[in-house]
$ cat start20.txt   # compact mmCIF, C-alpha atoms and all ligand atoms
# COMPACT_ATOMS: atom_id res chain seq x y z
CA MET A 510 30.98 15.56 63.67
CA THR A 511 27.47 15.68 62.38
CA LEU A 512 24.79 13.04 62.75
CA LEU A 513 22.80 12.47 59.62
CA ALA A 514 20.27 9.97 58.42
CA TYR A 515 20.42 8.57 54.91
CA ARG A 516 17.12 7.03 54.01
CA PHE A 517 16.54 4.82 51.01
CA ALA A 518 13.48 3.08 49.68
CA LEU A 519 14.05 -0.66 49.34
CA ASP A 520 12.99 -3.19 46.76
CA PRO A 521 13.13 -6.43 48.73
CA THR A 522 12.47 -9.79 47.09
CA PRO A 523 9.42 -11.65 48.39
CA SER A 524 11.55 -13.83 50.63
CA GLN A 525 13.48 -10.81 51.93
CA GLU A 526 10.20 -9.09 52.64
CA ARG A 527 9.02 -12.12 54.60
CA ALA A 528 12.26 -12.05 56.58
CA LEU A 529 11.85 -8.32 57.29
CA ARG A 530 8.29 -8.85 58.46
CA SER A 531 9.33 -11.71 60.66
CA HIS A 532 12.08 -9.57 62.22
CA ALA A 533 9.65 -6.75 62.88
CA GLY A 534 7.30 -9.32 64.39
CA ALA A 535 10.09 -10.56 66.63
CA ALA A 536 10.60 -7.01 67.89
CA ARG A 537 6.91 -6.84 68.71
CA VAL A 538 6.96 -10.18 70.53
CA ALA A 539 9.87 -9.09 72.72
CA PHE A 540 8.19 -5.76 73.43
CA ASN A 541 4.91 -7.36 74.44
CA TRP A 542 6.65 -10.01 76.54
CA GLY A 543 8.59 -7.37 78.48
CA LEU A 544 5.53 -5.17 78.89
CA ALA A 545 3.43 -8.06 80.21
CA ARG A 546 6.16 -8.85 82.72
CA VAL A 547 6.49 -5.29 83.98
CA LYS A 548 2.74 -4.86 84.11
CA ALA A 549 2.22 -8.07 86.08
CA ASN A 550 4.92 -7.03 88.52
CA LEU A 551 3.46 -3.56 89.02
CA GLY A 552 -0.02 -5.06 89.47
CA GLN A 553 1.23 -7.61 92.00
CA ARG A 554 2.92 -4.90 94.06
CA GLU A 555 -0.18 -2.72 93.92
CA ALA A 556 -2.32 -5.58 95.16
CA GLU A 557 0.11 -6.42 97.96
CA LYS A 558 0.17 -2.79 99.05
CA SER A 559 -3.62 -2.81 99.23
CA TYR A 560 -3.39 -5.75 101.67
CA GLY A 561 -1.14 -3.63 103.85
CA ILE A 562 2.10 -5.36 102.94
CA ALA A 563 5.01 -2.94 102.86
CA GLY A 564 8.76 -2.71 102.52
CA ASP A 565 10.60 -6.06 102.24
CA GLY A 566 7.36 -8.00 102.25
CA LEU A 567 6.52 -6.77 98.77
CA THR A 568 7.42 -8.70 95.65
CA SER A 569 10.67 -7.16 94.44
CA PRO A 570 10.26 -4.78 91.51
CA VAL A 571 11.27 -5.79 88.01
CA SER A 572 13.91 -3.53 86.52
CA TRP A 573 13.06 -2.14 83.12
CA SER A 574 16.46 -0.96 82.04
CA LEU A 575 17.44 -2.25 78.61
CA TYR A 576 20.25 -4.23 80.21
CA SER A 577 17.96 -6.11 82.61
CA LEU A 578 15.26 -6.60 80.02
CA ARG A 579 17.79 -8.16 77.70
CA LYS A 580 19.19 -10.40 80.43
CA ASP A 581 15.74 -11.61 81.41
CA TRP A 582 14.75 -12.09 77.79
CA ASN A 583 17.70 -14.38 77.20
CA VAL A 584 16.47 -16.57 80.05
CA ALA A 585 12.88 -16.56 78.85
CA LYS A 586 13.26 -16.72 75.08
CA ASP A 587 13.34 -20.51 74.81
CA THR A 588 9.84 -20.74 76.24
CA VAL A 589 8.40 -17.47 74.90
CA ALA A 590 9.80 -17.70 71.39
CA PRO A 591 11.34 -21.11 70.72
CA TRP A 592 11.85 -19.97 67.13
CA TRP A 593 14.16 -17.13 68.22
CA ARG A 594 17.10 -18.48 66.24
CA GLU A 595 15.30 -17.63 63.00
CA CYS A 596 15.74 -13.91 63.68
CA SER A 597 18.68 -11.69 64.38
CA LYS A 598 19.01 -10.98 68.10
CA GLU A 599 18.92 -7.31 67.15
CA ALA A 600 15.25 -7.77 66.28
CA PHE A 601 14.38 -8.68 69.88
CA ASN A 602 16.68 -5.93 71.05
CA THR A 603 14.70 -3.41 68.97
CA GLY A 604 11.54 -4.31 70.84
CA LEU A 605 13.18 -4.29 74.26
CA ASP A 606 14.82 -0.95 73.51
CA HIS A 607 11.48 0.57 72.52
CA LEU A 608 9.97 -0.75 75.73
CA ALA A 609 12.78 0.54 77.94
CA ARG A 610 12.41 3.99 76.40
CA ALA A 611 8.62 3.97 76.65
CA LEU A 612 8.73 2.99 80.33
CA LYS A 613 11.40 5.55 81.06
CA ASN A 614 9.31 8.27 79.41
CA TRP A 615 6.25 7.20 81.36
CA ALA A 616 8.11 7.13 84.68
CA GLY A 617 9.77 10.43 83.85
CA SER A 618 6.59 12.28 83.07
CA ARG A 619 4.83 10.78 86.10
CA LYS A 620 7.53 12.22 88.32
CA GLY A 621 7.41 15.47 86.38
CA LYS A 622 11.00 15.06 85.25
CA ARG A 623 10.17 14.96 81.59
CA LYS A 624 9.45 17.96 79.41
CA GLY A 625 6.77 18.00 76.78
CA LYS A 626 3.56 16.12 76.45
CA PRO A 627 2.97 13.59 79.22
CA ALA A 628 3.82 10.06 78.13
CA GLY A 629 1.29 7.41 79.05
CA PHE A 630 1.95 3.86 80.11
CA PRO A 631 3.03 1.82 77.07
CA ARG A 632 0.41 -0.31 75.39
CA PHE A 633 0.73 -3.72 73.82
CA LYS A 634 1.67 -3.67 70.15
CA SER A 635 -1.01 -5.09 67.95
CA LYS A 636 -0.09 -7.56 65.25
CA ARG A 637 -2.17 -5.69 62.71
CA LYS A 638 -1.58 -2.10 63.63
CA ALA A 639 1.94 -1.84 65.00
CA ARG A 640 4.47 -0.08 62.83
CA LEU A 641 6.93 -2.59 61.43
CA SER A 642 10.51 -1.70 62.21
CA VAL A 643 13.76 -3.34 63.16
CA ARG A 644 17.08 -1.73 63.98
CA TRP A 645 20.59 -3.08 63.84
CA THR A 646 23.35 -1.48 65.87
CA THR A 647 25.85 -4.31 65.60
CA GLY A 648 26.76 -6.75 62.88
CA SER A 649 27.81 -6.37 59.31
CA PHE A 650 25.40 -3.90 57.79
CA ARG A 651 26.45 -1.42 55.16
CA CYS A 652 25.25 0.62 52.25
CA GLU A 653 26.46 -0.28 48.79
CA GLU A 654 25.86 1.50 45.54
CA ARG A 655 22.75 -0.51 44.74
CA HIS A 656 22.12 -2.57 47.86
CA ALA A 657 21.60 -2.30 51.57
CA VAL A 658 23.30 -5.17 53.36
CA LEU A 659 21.31 -6.18 56.42
CA PRO A 660 22.34 -8.98 58.78
CA ARG A 661 20.22 -12.13 58.36
CA ILE A 662 18.15 -10.46 55.63
CA GLY A 663 20.83 -10.27 52.99
CA ARG A 664 21.59 -7.79 50.24
CA VAL A 665 18.40 -5.88 49.66
CA LYS A 666 18.09 -3.94 46.45
CA LEU A 667 17.92 -0.17 46.87
CA HIS A 668 15.20 1.60 44.99
CA GLU A 669 17.46 4.67 44.92
CA ASP A 670 21.11 5.38 44.35
CA GLY A 671 23.25 4.68 47.40
CA ARG A 672 26.50 5.78 45.83
CA ARG A 673 26.92 8.98 47.79
CA LEU A 674 26.79 7.26 51.14
CA ALA A 675 28.84 4.30 49.93
CA ASP A 676 31.54 6.69 48.66
CA LEU A 677 31.63 8.67 51.91
CA VAL A 678 32.10 5.49 53.92
CA ALA A 679 34.72 4.17 51.51
CA ALA A 680 36.64 7.45 51.75
CA GLY A 681 36.55 7.21 55.52
CA THR A 682 34.68 10.48 56.02
CA ALA A 683 31.50 8.82 57.27
CA ARG A 684 30.70 5.99 59.64
CA VAL A 685 27.43 4.11 59.73
CA LEU A 686 26.29 3.73 63.34
CA SER A 687 23.06 1.86 62.84
CA VAL A 688 20.47 0.96 60.28
CA THR A 689 16.72 0.79 60.72
CA ALA A 690 14.48 -1.06 58.32
CA GLY A 691 10.90 0.13 58.54
CA PHE A 692 7.67 -0.31 56.64
CA GLU A 693 5.92 2.91 55.79
CA ARG A 694 3.12 3.71 53.40
CA GLY A 695 3.28 0.39 51.66
CA ARG A 696 7.02 0.27 51.24
CA TRP A 697 10.18 -0.76 53.07
CA PHE A 698 12.84 1.81 53.84
CA ALA A 699 16.34 1.55 55.21
CA SER A 700 17.55 4.47 57.25
CA PHE A 701 21.27 4.63 57.98
CA ALA A 702 22.34 6.72 60.95
CA VAL A 703 25.63 8.19 59.85
CA GLU A 704 28.32 10.11 61.67
CA THR A 705 30.21 12.32 59.29
CA GLY A 706 33.15 14.61 59.61
CA VAL A 707 32.58 16.28 56.28
CA SER A 708 33.14 19.95 56.79
CA ARG A 709 31.03 22.19 54.66
CA PRO A 710 32.54 25.21 52.98
CA ALA A 711 31.62 28.70 54.11
CA PRO A 712 28.76 30.25 52.13
CA ARG A 713 29.88 31.32 48.66
CA HIS A 714 28.89 34.91 49.32
CA ARG A 715 29.87 35.15 52.94
CA ASP A 716 28.94 38.80 53.35
CA ALA A 717 25.83 38.64 51.25
CA VAL A 718 22.45 39.05 52.87
CA VAL A 719 19.30 37.67 51.36
CA GLY A 720 15.77 38.30 52.52
CA ILE A 721 13.21 35.61 51.89
CA ASP A 722 9.53 36.29 51.59
CA LEU A 723 7.74 32.99 51.90
CA GLY A 724 4.50 32.74 50.07
CA ILE A 725 1.64 30.58 49.04
CA LYS A 726 1.48 31.28 45.34
CA LYS A 727 5.24 31.18 45.05
CA LEU A 728 7.28 29.17 47.52
CA ALA A 729 9.66 32.08 48.04
CA VAL A 730 10.75 35.40 46.64
CA LEU A 731 14.34 36.46 47.27
CA SER A 732 15.46 40.03 47.79
CA THR A 733 17.68 39.49 44.76
CA GLY A 734 14.49 39.47 42.72
CA GLU A 735 14.53 35.75 42.08
CA GLU A 736 11.28 33.88 42.38
CA ILE A 737 11.14 30.26 43.44
CA PRO A 738 8.02 28.47 42.28
CA ASN A 739 6.05 26.40 44.72
CA PRO A 740 6.44 22.64 44.58
CA ARG A 741 2.72 22.19 44.57
CA HIS A 742 2.77 18.50 43.93
CA MET A 743 0.07 18.20 46.52
CA SER A 744 -2.40 20.23 44.49
CA GLY A 745 -1.48 18.39 41.34
CA ALA A 746 -1.86 14.97 42.89
CA LEU A 747 -4.96 15.93 44.82
CA ARG A 748 -7.33 14.58 42.20
CA LYS A 749 -5.56 11.27 42.22
CA LEU A 750 -5.65 11.22 46.01
CA ARG A 751 -9.38 11.96 46.02
CA ARG A 752 -10.05 9.20 43.55
CA LEU A 753 -8.06 6.68 45.58
CA ALA A 754 -9.78 7.74 48.78
CA ARG A 755 -13.14 7.27 47.10
CA THR A 756 -12.16 3.81 45.95
CA LEU A 757 -11.07 2.96 49.47
CA SER A 758 -14.38 4.08 50.91
CA ARG A 759 -16.21 1.62 48.64
CA ARG A 760 -14.19 -1.31 49.95
CA GLN A 761 -14.99 -3.25 53.06
CA GLY A 762 -12.71 -1.84 55.74
CA PRO A 763 -12.01 -3.00 59.27
CA ASP A 764 -14.64 -2.44 61.94
CA ARG A 765 -13.61 -2.23 65.55
CA ARG A 766 -17.08 -2.75 66.94
CA THR A 767 -17.87 -5.92 65.07
CA GLY A 768 -14.25 -7.01 64.79
CA ARG A 769 -14.60 -7.28 61.02
CA ARG A 770 -11.33 -7.80 59.21
CA PRO A 771 -10.65 -5.62 56.15
CA SER A 772 -11.07 -7.25 52.77
CA ASN A 773 -8.09 -7.91 50.55
CA ARG A 774 -9.38 -5.29 48.13
CA TRP A 775 -9.54 -2.75 50.96
CA GLU A 776 -5.96 -3.58 51.87
CA ARG A 777 -4.86 -3.06 48.28
CA ALA A 778 -6.71 0.25 47.92
CA SER A 779 -5.32 1.42 51.26
CA ALA A 780 -1.78 0.62 50.18
CA ALA A 781 -2.28 2.50 46.89
CA LEU A 782 -3.53 5.57 48.74
CA GLY A 783 -0.60 5.37 51.12
CA ARG A 784 1.86 5.18 48.27
CA THR A 785 0.43 8.27 46.55
CA GLN A 786 0.44 10.24 49.78
CA GLY A 787 3.99 9.16 50.36
CA ARG A 788 5.11 10.24 46.95
CA VAL A 789 3.58 13.68 47.43
CA THR A 790 5.28 14.11 50.79
CA ASP A 791 8.63 13.05 49.39
CA GLN A 792 8.43 15.41 46.44
CA ARG A 793 7.54 18.30 48.69
CA LYS A 794 10.39 17.54 51.03
CA ASP A 795 12.75 17.27 48.10
CA GLY A 796 11.81 20.74 46.82
CA LEU A 797 12.34 22.28 50.24
CA HIS A 798 15.66 20.54 50.73
CA LYS A 799 16.97 21.76 47.39
CA LEU A 800 16.00 25.34 48.17
CA THR A 801 17.37 25.42 51.72
CA THR A 802 20.60 23.73 50.68
CA ARG A 803 21.10 26.35 48.01
CA LEU A 804 20.33 29.28 50.29
CA ALA A 805 22.57 28.04 53.10
CA SER A 806 25.53 27.36 50.83
CA GLU A 807 25.20 30.60 48.94
CA PHE A 808 24.41 33.36 51.42
CA GLY A 809 26.15 34.27 54.66
CA THR A 810 22.98 35.69 56.15
CA VAL A 811 19.42 34.68 55.45
CA VAL A 812 16.54 36.71 56.87
CA VAL A 813 13.12 35.11 57.09
CA GLU A 814 9.82 36.12 58.50
CA ASP A 815 8.40 34.62 61.64
CA LEU A 816 5.16 33.34 60.28
CA ASN A 817 2.55 32.24 62.71
CA VAL A 818 2.29 28.80 61.17
CA ALA A 819 0.03 27.30 63.80
CA GLY A 820 -2.35 30.25 63.51
CA MET A 821 -2.41 30.04 59.75
CA VAL A 822 -3.12 26.34 59.67
CA ARG A 823 -6.21 27.04 61.78
CA ASN A 824 -7.47 29.28 58.99
CA ARG A 825 -9.27 26.70 56.90
CA ARG A 826 -9.00 28.26 53.50
CA LEU A 827 -5.28 28.70 53.79
CA ALA A 828 -4.65 25.52 55.71
CA ARG A 829 -4.06 23.09 52.91
CA HIS A 830 -1.80 25.43 51.01
CA VAL A 831 0.20 26.40 54.06
CA ALA A 832 0.69 22.82 55.06
CA ASP A 833 1.59 22.15 51.46
CA ALA A 834 4.29 24.77 51.41
CA SER A 835 5.62 23.53 54.79
CA PHE A 836 6.80 26.81 56.24
CA GLY A 837 7.88 25.32 59.53
CA GLU A 838 9.92 22.64 57.82
CA PHE A 839 11.52 25.28 55.60
CA ARG A 840 12.78 27.25 58.58
CA ARG A 841 13.96 24.17 60.44
CA GLN A 842 16.03 23.01 57.47
CA LEU A 843 17.40 26.47 56.84
CA GLU A 844 18.52 26.86 60.42
CA TYR A 845 20.45 23.63 60.69
CA LYS A 846 21.98 23.94 57.25
CA ALA A 847 23.09 27.52 57.89
CA ALA A 848 24.73 26.29 61.08
CA TRP A 849 26.66 23.68 59.07
CA HIS A 850 28.05 26.28 56.70
CA GLY A 851 28.70 28.81 59.42
CA GLY A 852 26.06 31.16 58.12
CA ARG A 853 23.27 32.70 60.13
CA VAL A 854 19.53 32.89 59.97
CA ILE A 855 17.73 35.93 61.29
CA VAL A 856 14.06 35.64 62.04
CA ALA A 857 12.23 38.92 61.81
CA ASP A 858 9.78 39.92 64.46
CA ARG A 859 6.31 38.71 63.67
CA TRP A 860 5.00 42.26 63.76
CA PHE A 861 7.63 43.67 61.44
CA ALA A 862 5.68 45.27 58.59
CA SER A 863 7.76 43.83 55.78
CA SER A 864 5.00 44.16 53.22
CA LYS A 865 3.77 47.59 54.24
CA THR A 866 7.16 49.28 54.41
CA CYS A 867 8.64 50.92 51.34
CA SER A 868 12.03 49.45 50.58
CA GLY A 869 12.97 52.65 48.78
CA CYS A 870 12.36 55.31 51.42
CA GLY A 871 11.14 53.44 54.47
CA ALA A 872 7.69 54.93 54.59
CA VAL A 873 5.09 52.64 56.11
CA LYS A 874 1.64 52.31 54.61
CA ALA A 875 -1.27 52.12 57.00
CA LYS A 876 -3.10 49.71 54.76
CA LEU A 877 -2.13 47.33 52.01
CA ALA A 878 -4.82 45.14 50.55
CA LEU A 879 -4.05 41.53 49.81
CA SER A 880 -5.00 42.11 46.21
CA GLU A 881 -2.33 44.77 45.71
CA ARG A 882 0.39 42.71 44.11
CA THR A 883 2.50 45.78 43.32
CA TYR A 884 3.84 48.13 45.96
CA VAL A 885 3.38 51.75 44.92
CA CYS A 886 4.94 54.24 47.31
CA THR A 887 3.09 57.54 47.55
CA THR A 888 6.05 59.17 49.32
CA CYS A 889 8.95 58.48 46.95
CA GLY A 890 7.25 56.95 43.96
CA THR A 891 8.85 53.52 44.17
CA VAL A 892 6.98 50.88 42.18
CA LEU A 893 7.99 47.33 42.98
CA ASP A 894 6.59 43.81 43.11
CA ARG A 895 4.97 43.36 46.48
CA ASP A 896 6.94 40.25 47.46
CA ILE A 897 10.30 41.57 46.29
CA ASN A 898 9.65 44.73 48.31
CA ALA A 899 9.00 42.60 51.40
CA ALA A 900 12.10 40.47 50.78
CA VAL A 901 14.28 43.58 50.44
CA ASN A 902 12.93 44.92 53.72
CA LEU A 903 13.79 41.64 55.40
CA ALA A 904 17.31 41.71 54.00
CA ARG A 905 17.71 45.22 55.45
CA LEU A 906 17.06 43.84 58.91
CA ALA A 907 20.36 41.99 58.87
CA GLY A 908 22.24 45.27 59.20
CA SER A 909 20.69 45.95 62.57
CA ALA A 910 20.97 42.46 63.96
CA PRO A 911 23.63 42.06 66.60
CA ASP A 912 26.18 39.52 65.47
CA SER A 913 28.06 38.27 68.48
CA ASN A 914 30.29 35.74 66.79
CA GLY A 915 29.23 35.85 63.18
CA ARG A 916 28.47 32.15 63.26
CA GLY A 917 25.59 29.88 63.99
CA ALA A 918 21.93 30.38 63.50
CA ASP A 919 20.85 33.28 65.62
CA ARG A 920 17.23 33.27 66.48
CA GLN A 921 16.42 36.93 66.61
CA THR A 922 12.87 37.42 67.59
CA GLY A 923 12.61 40.81 69.23
CA LEU A 924 14.26 42.53 66.34
CA VAL A 925 13.58 46.20 65.71
CA PRO A 926 14.40 47.32 62.19
CA GLN A 927 16.72 50.29 62.02
CA VAL A 928 15.86 51.33 58.53
CA ALA A 929 14.91 54.97 58.59
CA VAL A 930 11.22 54.99 59.11
CA LYS A 931 9.25 58.04 58.17
CA ARG A 932 6.32 58.18 60.53
CA GLN A 933 3.08 58.89 58.86
CA PRO A 934 0.08 60.10 60.77
CA GLY A 935 -1.75 57.19 62.29
CA THR A 936 1.14 54.84 61.77
CA ALA A 937 2.93 53.36 64.72
CA PRO A 938 6.66 52.79 64.41
CA ALA A 939 7.42 49.56 62.63
CA GLY A 940 8.88 46.73 64.60
CA GLN A 941 7.06 47.66 67.74
CA THR A 942 4.86 44.98 69.16
CA ARG A 943 1.28 46.07 69.08
CA SER A 944 -2.08 44.67 68.23
CA LEU A 945 -1.66 44.57 64.48
CA PRO A 946 -2.79 41.60 62.45
CA PRO A 947 0.19 39.36 61.80
CA GLN A 948 2.02 39.67 58.51
CA GLY A 949 -0.07 36.91 57.09
CA GLU A 950 -0.93 38.91 54.04
CA SER A 951 2.44 38.34 52.49
CA ALA A 952 1.56 34.71 52.40
CA ALA A 953 -1.69 35.10 50.55
ZN ZN B 1 9.00 55.06 49.27

$ encode --input "start20.txt" --output "structure tokens" --more "lines below"
Ligand SMILES: [Zn+2]
Amino acid sequence: MTLLAYRFALDPTPSQERALRSHAGAARVAFNWGLARVKANLGQREAEKSYGIAGDGLTSPVSWSLYSLRKDWNVAKDTVAPWWRECSKEAFNTGLDHLARALKNWAGSRKGKRKGKPAGFPRFKSKRKARLSVRWTTGSFRCEERHAVLPRIGRVKLHEDGRRLADLVAAGTARVLSVTAGFERGRWFASFAVETGVSRPAPRHRDAVVGIDLGIKKLAVLSTGEEIPNPRHMSGALRKLRRLARTLSRRQGPDRRTGRRPSNRWERASAALGRTQGRVTDQRKDGLHKLTTRLASEFGTVVVEDLNVAGMVRNRRLARHVADASFGEFRRQLEYKAAWHGGRVIVADRWFASSKTCSGCGAVKAKLALSERTYVCTTCGTVLDRDINAAVNLARLAGSAPDSNGRGADRQTGLVPQVAVKRQPGTAPAGQTRSLPPQGESAA
């Protein structure tokens, strides 16, 4: 069983859009009501403690489990939101669920039980700034070929084709667990959380190994010699983005200090900018998905470099392009997709000199300038495109990688290549961790 999300852009009618907004507003109202209650209770207890009251003398604490929040909400809703019947009860549940999670995260990180960044105490959701979203876990929601059916909202037109999901559900191979309608970048989306039992076939070339050299100028070069062009929609759309941003800056925006509300023209310009940014992001994601899907379904083993993405993004000149090419996202997709197909992903050691090593004889060059686009080996005379040479070296690594079960995405990091390496004077053995600059040059 795999959990997947199918996300579709929606084209709601004006009245459906009003209903969606009102549902998202209902979620916010329930969230803020619950938060105010918990906050008041915590404050009361604090104050009592400061007067020296302890134990049973204290006001009893308010539980913030979803169950209790829901129970208390049902008692309070007639006074807090007398209009509650206008919205699906799932809308209020969305808000209470968010609150229960937020409080749990806060309590968890305060007690040091939670990994990751410390979570602060939840804040009230603002009417103007809060993200609009509502989630249904019960009721009759489904995805049709051209519509998303949402309880109380109705049949909302899909901007995209929903046939694939509708067919899977009809065939009984997928089950929709929940649907979330959310407003993002000037547009409503429906995201279906789907449980599917579709088993994916083994990679077409189960024993084949492919090395991938990720790049900036080209998205990737495969050890098979194939080049995959970069989906540089970002660069192409950059002019449009700049123009829209300039327009936005000429409009009267919101001001926190004076409490000035944004003008309608600012709102419109802001939405236009958001839409363009969104389109760019979606196109980029689409290009990556197509490539990783292909690689995972075709090759049994995929070897990629461990690029220091965080370090590269800090380098200003490269930053935009690196972010554009989304290296991190590429690897993430590749790893989970390879796991689906039963293939494996090997990540080469960051210090592995994939560009400097000759794929013909294994000699390692001490220096290789970024401008040298062709690898010329002085030892054996091999002449090869720089990126293909690097990709071939990566593919070679697979032979030395331990393969315990032949399945799953191994994350090999301390990998030492076992290609015969001719040591040249002044050249340390490849694969050994030492203070070399990272293999960033293959990405330039
Ligand atoms: Zn050579």

$ residues_near_ligand --input "start20.txt" --ligand "ligand ZN 1 (chain B)" --cutoff "6 Å" --atoms "all atoms listed in the file" --output "PyMOL selection string"
chain A and resi 867+869-872+886+888-891

$ atom_distance --input "start20.txt" --atom1 "CA of Ala780 in chain A" --atom2 "CA of Ala600 in chain A"
24.9 Å

$ axis_aligned_box --input "start20.txt" --around "range 845-848 of chain A" --padding-each-side "6 Å" --output "JSON"
{"center_x": 22.6, "center_y": 25.6, "center_z": 59.2, "size_x": 16.3, "size_y": 15.9, "size_z": 15.8}

$ residues_around --input "start20.txt" --residues "Ser574 in chain A" --least-positions-apart "2" --cutoff "12 Å" --atoms "all atoms listed in the file" --output "PyMOL selection string"
chain A and resi 543+547+570-572+576-581+605-614+616

$ closest_residue --input "start20.txt" --among "A:Lys620, A:Arg537, A:Lys749, A:Arg777" --to "Ala639 in chain A" --atoms "all atoms listed in the file"
A:Arg537

$ residues_around --input "start20.txt" --residues "range 693-695 of chain A" --least-positions-apart "3" --cutoff "10 Å" --atoms "only C-alpha atoms" --output "mmCIF file with C-alpha atoms, in the frame of the given file"
data_model
loop_
_atom_site.group_PDB
_atom_site.id
_atom_site.type_symbol
_atom_site.label_atom_id
_atom_site.label_comp_id
_atom_site.auth_asym_id
_atom_site.auth_seq_id
_atom_site.Cartn_x
_atom_site.Cartn_y
_atom_site.Cartn_z
ATOM 1 C CA ALA A 518 13.480 3.080 49.680
ATOM 2 C CA ARG A 640 4.470 -0.080 62.830
ATOM 3 C CA LEU A 641 6.930 -2.590 61.430
ATOM 4 C CA SER A 642 10.510 -1.700 62.210
ATOM 5 C CA ALA A 690 14.480 -1.060 58.320
ATOM 6 C CA PHE A 698 12.840 1.810 53.840
ATOM 7 C CA ARG A 777 -4.860 -3.060 48.280
ATOM 8 C CA SER A 779 -5.320 1.420 51.260
ATOM 9 C CA ALA A 780 -1.780 0.620 50.180
ATOM 10 C CA ALA A 781 -2.280 2.500 46.890
ATOM 11 C CA LEU A 782 -3.530 5.570 48.740
ATOM 12 C CA GLY A 783 -0.600 5.370 51.120
ATOM 13 C CA ARG A 784 1.860 5.180 48.270
ATOM 14 C CA THR A 785 0.430 8.270 46.550
ATOM 15 C CA GLN A 786 0.440 10.240 49.780
ATOM 16 C CA GLY A 787 3.990 9.160 50.360
ATOM 17 C CA ARG A 788 5.110 10.240 46.950
#

$ atom_distance --input "start20.txt" --atom1 "CA of Arg803 in chain A" --atom2 "CA of Val685 in chain A"
25.9 Å

$ closest_residue --input "start20.txt" --among "A:Leu731, A:Ala585, A:Pro712, A:Phe836" --to "Ala848 in chain A" --atoms "only C-alpha atoms"
A:Pro712

$ residues_near_point --input "start20.txt" --point "(-0.8, -4.8, 62.8)" --cutoff "12 Å" --atoms "all atoms listed in the file" --output "PyMOL selection string"
chain A and resi 530+533-534+537+633-642+692+763+770-771

$ atom_distance --input "start20.txt" --atom1 "CA of Leu757 in chain A" --atom2 "CA of Trp775 in chain A"
6.1 Å

$ residues_near_point --input "start20.txt" --point "(10.2, 40.5, 50.7)" --cutoff "9 Å" --atoms "all atoms listed in the file" --output "PyMOL selection string"
chain A and resi 720-723+729-732+813-814+863-864+895-904+951

$ closest_residue --input "start20.txt" --among "A:Phe517, A:Ser569, A:His798, A:Asp858" --to "Glu653 in chain A" --atoms "all atoms listed in the file"
A:Phe517

$ residues_around --input "start20.txt" --residues "Leu674 in chain A" --least-positions-apart "2" --cutoff "10 Å" --atoms "all atoms listed in the file" --output "number ranges by chain"
A: 515, 651-654, 670-672, 676-680, 682-685, 701, 703

$ residues_around --input "start20.txt" --residues "Ala535 in chain A" --least-positions-apart "4" --cutoff "12 Å" --atoms "only C-alpha atoms" --output "PyMOL selection string"
chain A and resi 528-531+539-542+586+589-605+634+636+641-644

$ decode --input "start20.txt" --residues "range 529-560 of chain A" --atoms "C-alpha atoms" --output "short mmCIF file (atom, residue, chain, number, x, y, z; two decimals), in the first residue's frame"
data_model
loop_
_atom_site.label_atom_id
_atom_site.label_comp_id
_atom_site.auth_asym_id
_atom_site.auth_seq_id
_atom_site.Cartn_x
_atom_site.Cartn_y
_atom_site.Cartn_z
CA LEU A 529 -15.03 27.39 -0.12
CA ARG A 530 -13.96 30.67 1.45
CA SER A 531 -16.68 30.45 4.03
CA HIS A 532 -15.61 26.89 4.91
CA ALA A 533 -11.99 27.95 5.27
CA GLY A 534 -13.21 30.83 7.43
CA ALA A 535 -15.13 28.39 9.59
CA ALA A 536 -11.94 26.40 10.13
CA ARG A 537 -10.22 29.59 11.23
CA VAL A 538 -13.03 30.51 13.63
CA ALA A 539 -12.89 27.10 15.30
CA PHE A 540 -9.11 27.28 15.54
CA ASN A 541 -9.14 30.72 17.12
CA TRP A 542 -11.95 29.80 19.51
CA GLY A 543 -10.05 26.74 20.74
CA LEU A 544 -6.80 28.64 21.02
CA ALA A 545 -8.42 31.44 23.03
CA ARG A 546 -9.88 28.85 25.39
CA VAL A 547 -6.60 27.02 25.94
CA LYS A 548 -4.71 30.28 26.33
CA ALA A 549 -7.17 31.64 28.89
CA ASN A 550 -6.96 28.40 30.84
CA LEU A 551 -3.16 28.37 30.83
CA GLY A 552 -3.10 32.04 31.87
CA GLN A 553 -5.57 31.46 34.69
CA ARG A 554 -3.50 28.58 36.06
CA GLU A 555 -0.31 30.62 35.80
CA ALA A 556 -1.90 33.46 37.74
CA GLU A 557 -3.25 31.11 40.41
CA LYS A 558 0.18 29.53 40.80
CA SER A 559 1.67 32.98 41.34
CA TYR A 560 -0.77 33.49 44.24
#
